[in-house]
Number of protein chains: 2
Amino acid sequence: MEQLAERILKGELRALARGITHIENDHPEKQALLTTLFSRTGEAHVIGITGSPGAGKSSLVNGLIKVWRKEGKTVGVVAVDPTSPFSGGALLGDRVRMRDHEEDEGVFIRSMGTRGSLGGLSEACKDAIRLMDASGLDLVIVETVGVGQSELDIMKVADTVALVLYPSGGDVIQAFKAGIMEIADLFVINKADLPGVGQLKGEVEDLLHLTAEQKQWKPPIVETVSIEGKGMEETVRLLNSHYHHLSESGENREKKITQLETEITRRMKDSFAGEISSLVADELQRMAKAGETPDPYETAETLYEKWKRQLADSPGHGN
Amino acid sequence: MEQLAERILKGELRALARGITHIENDHPEKQALLTTLFSRTGEAHVIGITGSPGAGKSSLVNGLIKVWRKEGKTVGVVAVDPTSPFSGGALLGDRVRMRDHEEDEGVFIRSMGTRGSLGGLSEACKDAIRLMDASGLDLVIVETVGVGQSELDIMKVADTVALVLYPSGGDVIQAFKAGIMEIADLFVINKADLPGVGQLKGEVEDLLHLTAEQKQWKPPIVETVSIEGKGMEETVRLLNSHYHHLSESGENREKKITQLETEITRRMKDSFAGEISSLVADELQRMAKAGETPDPYETAETLYEKWKRQLADSPGHGN
């Protein structure tokens, strides 16, 4: 595992791919790998790109990659979106666009499914992003469909979140309701050659008054036609500008601390859950045998107190 | 609160509505209400209805309600689907259909948003279902869009899960990838007057070979045209037939125990998280001041052990 970590740190894409597979499969040495690499993360600009299916997220990512590659930057992509051609989930999706980068050693694309990641999708994504980061990629893009709690959790890992909209109606309100408006740092109105751009822009601006009033960073709105490459440079410029804002304002550091707090708490909860599982199972079995149906509210309280008492009484603790 | 519980048990719909509002707002007496009512749950047939937007879930629910009402049964609906006209989330949605039941005292419809439920949407839904159950409604329907972990968690509360599909392609694979196929007890092919029904049915059957091979209950497939009321009686018949299977096979009891185990564990985790929060926050603040970035993997382990030691040392425990 030491060797794999070293190869990842050197930027070997094959090693990176293997490392991510270890994460997905919950390999026994996964934790050791992550601990080794953690201190080498924090250099990549992690960008979350979200939006409903059909918004054109993948062609946008493609267009952005072209700009970055011209600037000599390396790019990693984690595609979680089941409708993305990157993730391989699109039945009708054209895979043509992927070929643009197939031979490019400076681009690493990895799809992550909603199945197969034992520790939960958002955790696996977070770890995959860290591996890409540690491997020295300049940019790490996470592409998700903007629905569901786990997608929202994934977005929270990003330094910069771009919400991709297109003129069609309904999208903005959906995003607002899902809580995405609050975390978006940039609004991309894609397919801006379609009618209705002005109205969509108005809707975004109205909702921004509600969500970004207090924020130091006012999320800008950019218009793009990603399949024609229009607006790509401007989008890259705005993403960079947000990244600069983050480090200058100290928000970056704050955000990282909040994320770590959440993650540490979750990990501790998992350890805890592992330790109580047999206690809970035994109690339920006992009740089932007795023909009782446990009230989950009371039972949880009782068992929690019981566990704590047992812990305090057990040898090896208490001094 | 005692009085509210009594009124809910009597089946007063206004009391039921108020109780659900208490749940959504995390009212201080929420827990007491739920504990009081819990022993009176377990009588309703809880049916989860899921499927992608556009599958026609709402008109299906409407059609089913008509059949049940003819049979004299009372129905509660929890609409979580943001695109459902029941939930009020549909911008373009027709609210005409709702009017069908507006004056009917035997139908109770409640929408629950993805925002505003402090304890998490799936928990709030679960509790709302319990209240409806305790109030004596014969059937409780939960309608969700089939995406995301929290929607999947909600479906797991149902006795019977119906997945609504329509001839369009892609749907089945999406459902399969999201893990819905495994939990579906009935497949409804809605809009069965459209071309492509045969192909869709074939796809479902193929995937059922993969997911339902070992199961005692082979999920049937029913064709409906819900806006014309076609296939509604047959759907009700199959839903009933699954409910009978559950109680006869003892699966019902097993399922309930598994659900309770998950819920009790989650509740204990929440209590635990509440107790460790200051420990985690303090440690992060200390590290931030020292300019260190904590490795979440190691820090979680260290803090967990520390918390257990503290607990064992604290007075009031240990004897």
# chains A, B, ... in the order shown; residues from 1 in each chain; ligands from 1

call {"tool": "residues_around", "arguments": {"residues": "stretch 59-71 of chain A", "least_positions_apart": "5", "cutoff": "6 Å", "atoms": "only C-alpha atoms", "output": "PyMOL selection string"}}
result
chain A and resi 226-227+229+232

call {"tool": "residues_around", "arguments": {"residues": "stretch 268-280 of chain B", "least_positions_apart": "6", "cutoff": "6 Å", "atoms": "only C-alpha atoms", "output": "list in words"}}
result
Lys269, Ala300 and Tyr304 of chain A

call {"tool": "residues_around", "arguments": {"residues": "stretch 140-142 of chain A", "least_positions_apart": "4", "cutoff": "6 Å", "atoms": "only C-alpha atoms", "output": "list in words"}}
result
Val46, Ile47, Gly48, Ile49, Val75, Gly76, Val77, Val78 and Ala79 of chain A

call {"tool": "residues_around", "arguments": {"residues": "B:Arg237", "least_positions_apart": "2", "cutoff": "12 Å", "atoms": "only C-alpha atoms", "output": "VMD selection string"}}
result
chain B and resid 64 67 to 68 71 186 220 222 231 to 235 239 to 244

call {"tool": "write_last_selection", "arguments": {"atoms": "all heavy atoms", "output": "short mmCIF file (atom, residue, chain, number, x, y, z; two decimals), in the first residue's frame"}}
result
data_model
loop_
_atom_site.label_atom_id
_atom_site.label_comp_id
_atom_site.auth_asym_id
_atom_site.auth_seq_id
_atom_site.Cartn_x
_atom_site.Cartn_y
_atom_site.Cartn_z
N LEU B 64 -56.40 4.92 -7.71
CA LEU B 64 -56.49 3.90 -6.67
C LEU B 64 -57.41 4.36 -5.54
O LEU B 64 -58.20 3.58 -5.01
CB LEU B 64 -55.09 3.59 -6.12
CG LEU B 64 -54.09 2.99 -7.11
CD1 LEU B 64 -52.72 2.83 -6.48
CD2 LEU B 64 -54.58 1.65 -7.64
N VAL B 67 -60.98 3.61 -6.21
CA VAL B 67 -61.35 2.21 -5.98
C VAL B 67 -61.51 1.94 -4.48
O VAL B 67 -62.52 1.37 -4.04
CB VAL B 67 -60.28 1.25 -6.57
CG1 VAL B 67 -60.67 -0.21 -6.30
CG2 VAL B 67 -60.11 1.48 -8.06
N TRP B 68 -60.54 2.39 -3.70
CA TRP B 68 -60.61 2.14 -2.25
C TRP B 68 -61.83 2.81 -1.63
O TRP B 68 -62.49 2.24 -0.77
CB TRP B 68 -59.33 2.65 -1.57
CG TRP B 68 -58.15 1.75 -1.76
CD1 TRP B 68 -58.13 0.40 -1.63
CD2 TRP B 68 -56.82 2.14 -2.10
NE1 TRP B 68 -56.86 -0.08 -1.88
CE2 TRP B 68 -56.03 0.96 -2.16
CE3 TRP B 68 -56.19 3.36 -2.37
CZ2 TRP B 68 -54.67 0.98 -2.49
CZ3 TRP B 68 -54.84 3.38 -2.68
CH2 TRP B 68 -54.10 2.20 -2.74
N GLU B 71 -64.82 0.90 -2.02
CA GLU B 71 -64.84 -0.22 -1.08
C GLU B 71 -65.07 0.24 0.35
O GLU B 71 -65.04 -0.56 1.29
CB GLU B 71 -63.51 -0.99 -1.15
CG GLU B 71 -63.24 -1.64 -2.51
CD GLU B 71 -61.86 -2.30 -2.57
OE1 GLU B 71 -61.07 -2.14 -1.60
OE2 GLU B 71 -61.57 -2.97 -3.57
N LEU B 186 -44.24 -4.60 -6.68
CA LEU B 186 -45.20 -4.55 -7.78
C LEU B 186 -44.69 -3.56 -8.81
O LEU B 186 -44.20 -2.48 -8.45
CB LEU B 186 -46.58 -4.09 -7.25
CG LEU B 186 -47.67 -3.80 -8.29
CD1 LEU B 186 -48.06 -5.07 -9.02
CD2 LEU B 186 -48.90 -3.19 -7.61
N PRO B 220 -45.30 -8.99 -9.39
CA PRO B 220 -46.04 -9.00 -10.65
C PRO B 220 -45.94 -7.66 -11.40
O PRO B 220 -45.53 -6.66 -10.83
CB PRO B 220 -47.49 -9.24 -10.20
CG PRO B 220 -47.55 -8.79 -8.79
CD PRO B 220 -46.16 -8.89 -8.22
N VAL B 222 -48.20 -5.03 -13.73
CA VAL B 222 -49.57 -4.70 -14.14
C VAL B 222 -49.53 -3.51 -15.09
O VAL B 222 -48.71 -2.60 -14.92
CB VAL B 222 -50.46 -4.43 -12.90
CG1 VAL B 222 -49.94 -3.27 -12.06
CG2 VAL B 222 -51.91 -4.15 -13.31
N GLY B 231 -57.05 -0.44 -15.25
CA GLY B 231 -56.10 -1.27 -14.50
C GLY B 231 -56.09 -0.96 -13.01
O GLY B 231 -55.29 -1.54 -12.27
N MET B 232 -56.97 -0.07 -12.56
CA MET B 232 -56.95 0.33 -11.15
C MET B 232 -57.39 -0.81 -10.23
O MET B 232 -56.75 -1.06 -9.21
CB MET B 232 -57.85 1.56 -10.93
CG MET B 232 -57.38 2.83 -11.63
SD MET B 232 -55.71 3.36 -11.15
CE MET B 232 -54.79 2.94 -12.61
N GLU B 233 -58.49 -1.50 -10.59
CA GLU B 233 -58.97 -2.61 -9.76
C GLU B 233 -57.91 -3.70 -9.66
O GLU B 233 -57.65 -4.25 -8.59
CB GLU B 233 -60.27 -3.22 -10.32
CG GLU B 233 -61.52 -2.45 -9.95
CD GLU B 233 -61.81 -1.33 -10.94
OE1 GLU B 233 -61.01 -1.18 -11.91
OE2 GLU B 233 -62.81 -0.59 -10.75
N GLU B 234 -57.28 -3.97 -10.80
CA GLU B 234 -56.25 -5.01 -10.84
C GLU B 234 -55.07 -4.61 -9.95
O GLU B 234 -54.53 -5.44 -9.20
CB GLU B 234 -55.79 -5.20 -12.30
CG GLU B 234 -54.66 -6.19 -12.51
CD GLU B 234 -55.04 -7.64 -12.18
OE1 GLU B 234 -56.20 -7.90 -11.82
OE2 GLU B 234 -54.13 -8.50 -12.25
N THR B 235 -54.70 -3.35 -9.99
CA THR B 235 -53.58 -2.88 -9.15
C THR B 235 -53.93 -3.04 -7.67
O THR B 235 -53.11 -3.54 -6.88
CB THR B 235 -53.25 -1.41 -9.46
OG1 THR B 235 -53.01 -1.29 -10.87
CG2 THR B 235 -52.02 -0.93 -8.72
N LEU B 239 -51.97 -5.29 -4.89
CA LEU B 239 -51.46 -4.69 -3.65
C LEU B 239 -51.98 -5.48 -2.45
O LEU B 239 -51.23 -5.80 -1.52
CB LEU B 239 -51.87 -3.21 -3.55
CG LEU B 239 -51.22 -2.23 -4.55
CD1 LEU B 239 -51.92 -0.87 -4.52
CD2 LEU B 239 -49.74 -2.06 -4.27
N ASN B 240 -53.26 -5.80 -2.49
CA ASN B 240 -53.85 -6.60 -1.41
C ASN B 240 -53.20 -7.97 -1.31
O ASN B 240 -52.92 -8.46 -0.22
CB ASN B 240 -55.36 -6.81 -1.65
CG ASN B 240 -56.14 -5.54 -1.41
OD1 ASN B 240 -55.64 -4.62 -0.76
ND2 ASN B 240 -57.34 -5.47 -1.96
N SER B 241 -52.98 -8.53 -2.47
CA SER B 241 -52.43 -9.87 -2.51
C SER B 241 -51.02 -9.88 -1.90
O SER B 241 -50.65 -10.82 -1.17
CB SER B 241 -52.48 -10.36 -3.95
OG SER B 241 -51.42 -11.18 -4.26
N HIS B 242 -50.24 -8.83 -2.14
CA HIS B 242 -48.93 -8.75 -1.51
C HIS B 242 -49.04 -8.59 0.01
O HIS B 242 -48.27 -9.18 0.77
CB HIS B 242 -48.10 -7.58 -2.08
CG HIS B 242 -46.74 -7.45 -1.44
ND1 HIS B 242 -46.44 -6.47 -0.53
CD2 HIS B 242 -45.63 -8.23 -1.55
CE1 HIS B 242 -45.19 -6.64 -0.11
NE2 HIS B 242 -44.68 -7.68 -0.72
N TYR B 243 -50.02 -7.82 0.43
CA TYR B 243 -50.23 -7.59 1.87
C TYR B 243 -50.57 -8.90 2.57
O TYR B 243 -50.07 -9.20 3.65
CB TYR B 243 -51.35 -6.56 2.05
CG TYR B 243 -51.40 -5.94 3.43
CD1 TYR B 243 -50.28 -5.40 4.03
CD2 TYR B 243 -52.61 -5.88 4.12
CE1 TYR B 243 -50.33 -4.82 5.28
CE2 TYR B 243 -52.68 -5.29 5.38
CZ TYR B 243 -51.54 -4.77 5.96
OH TYR B 243 -51.59 -4.18 7.19
N HIS B 244 -51.41 -9.69 1.90
CA HIS B 244 -51.75 -11.01 2.46
C HIS B 244 -50.51 -11.90 2.53
O HIS B 244 -50.27 -12.57 3.53
CB HIS B 244 -52.83 -11.69 1.61
CG HIS B 244 -54.17 -11.08 1.80
ND1 HIS B 244 -54.78 -10.98 3.03
CD2 HIS B 244 -55.03 -10.51 0.91
CE1 HIS B 244 -55.95 -10.37 2.90
NE2 HIS B 244 -56.12 -10.06 1.62
#

call {"tool": "closest_residue", "arguments": {"among": "B:His45, B:Lys289, B:Arg40, B:Arg267", "to": "chain A", "atoms": "only C-alpha atoms"}}
result
B:Arg267

call {"tool": "residues_around", "arguments": {"residues": "A:Thr299", "least_positions_apart": "6", "cutoff": "12 Å", "atoms": "only C-alpha atoms", "output": "MDAnalysis selection string"}}
result
(chainID A and resid 279:281 283:284 287 292:293 305:307) or (chainID B and resid 35 260:261 263:268)

call {"tool": "atom_distance", "arguments": {"atom1": "atom CA of A:Met155", "atom2": "atom CA of A:Thr74"}}
result
20.8 Å

call {"tool": "select_by_dssp", "arguments": {"residues": "stretch 104-303 of chain A", "states": "strand (DSSP E or B)", "output": "VMD selection string"}}
result
chain A and resid 107 to 111 139 to 145 160 to 165 186 to 189 221 to 223 225 230

call {"tool": "residues_around", "arguments": {"residues": "stretch 124-128 of chain B", "least_positions_apart": "6", "cutoff": "9 Å", "atoms": "only C-alpha atoms", "output": "count of residues only"}}
result
15

call {"tool": "closest_residue", "arguments": {"among": "A:Val161, A:Ala44, A:Val236, A:Leu37", "to": "chain B", "atoms": "only C-alpha atoms"}}
result
A:Leu37

call {"tool": "closest_residue", "arguments": {"among": "A:Ile173, A:Leu208, A:Ile8, A:Ala134", "to": "chain B", "atoms": "only C-alpha atoms"}}
result
A:Ile173

call {"tool": "select_by_dssp", "arguments": {"residues": "stretch 194-262 of chain A", "states": "alpha helix (DSSP H)", "output": "ChimeraX atom specification"}}
result
/A:197-211,232-249,251-262

call {"tool": "closest_residue", "arguments": {"among": "A:Ala158, A:Leu131, A:Leu33, A:Val188", "to": "chain B", "atoms": "only C-alpha atoms"}}
result
A:Leu33

call {"tool": "atom_distance", "arguments": {"atom1": "atom CA of A:Gln259", "atom2": "atom CA of B:Pro296"}}
result
9.7 Å
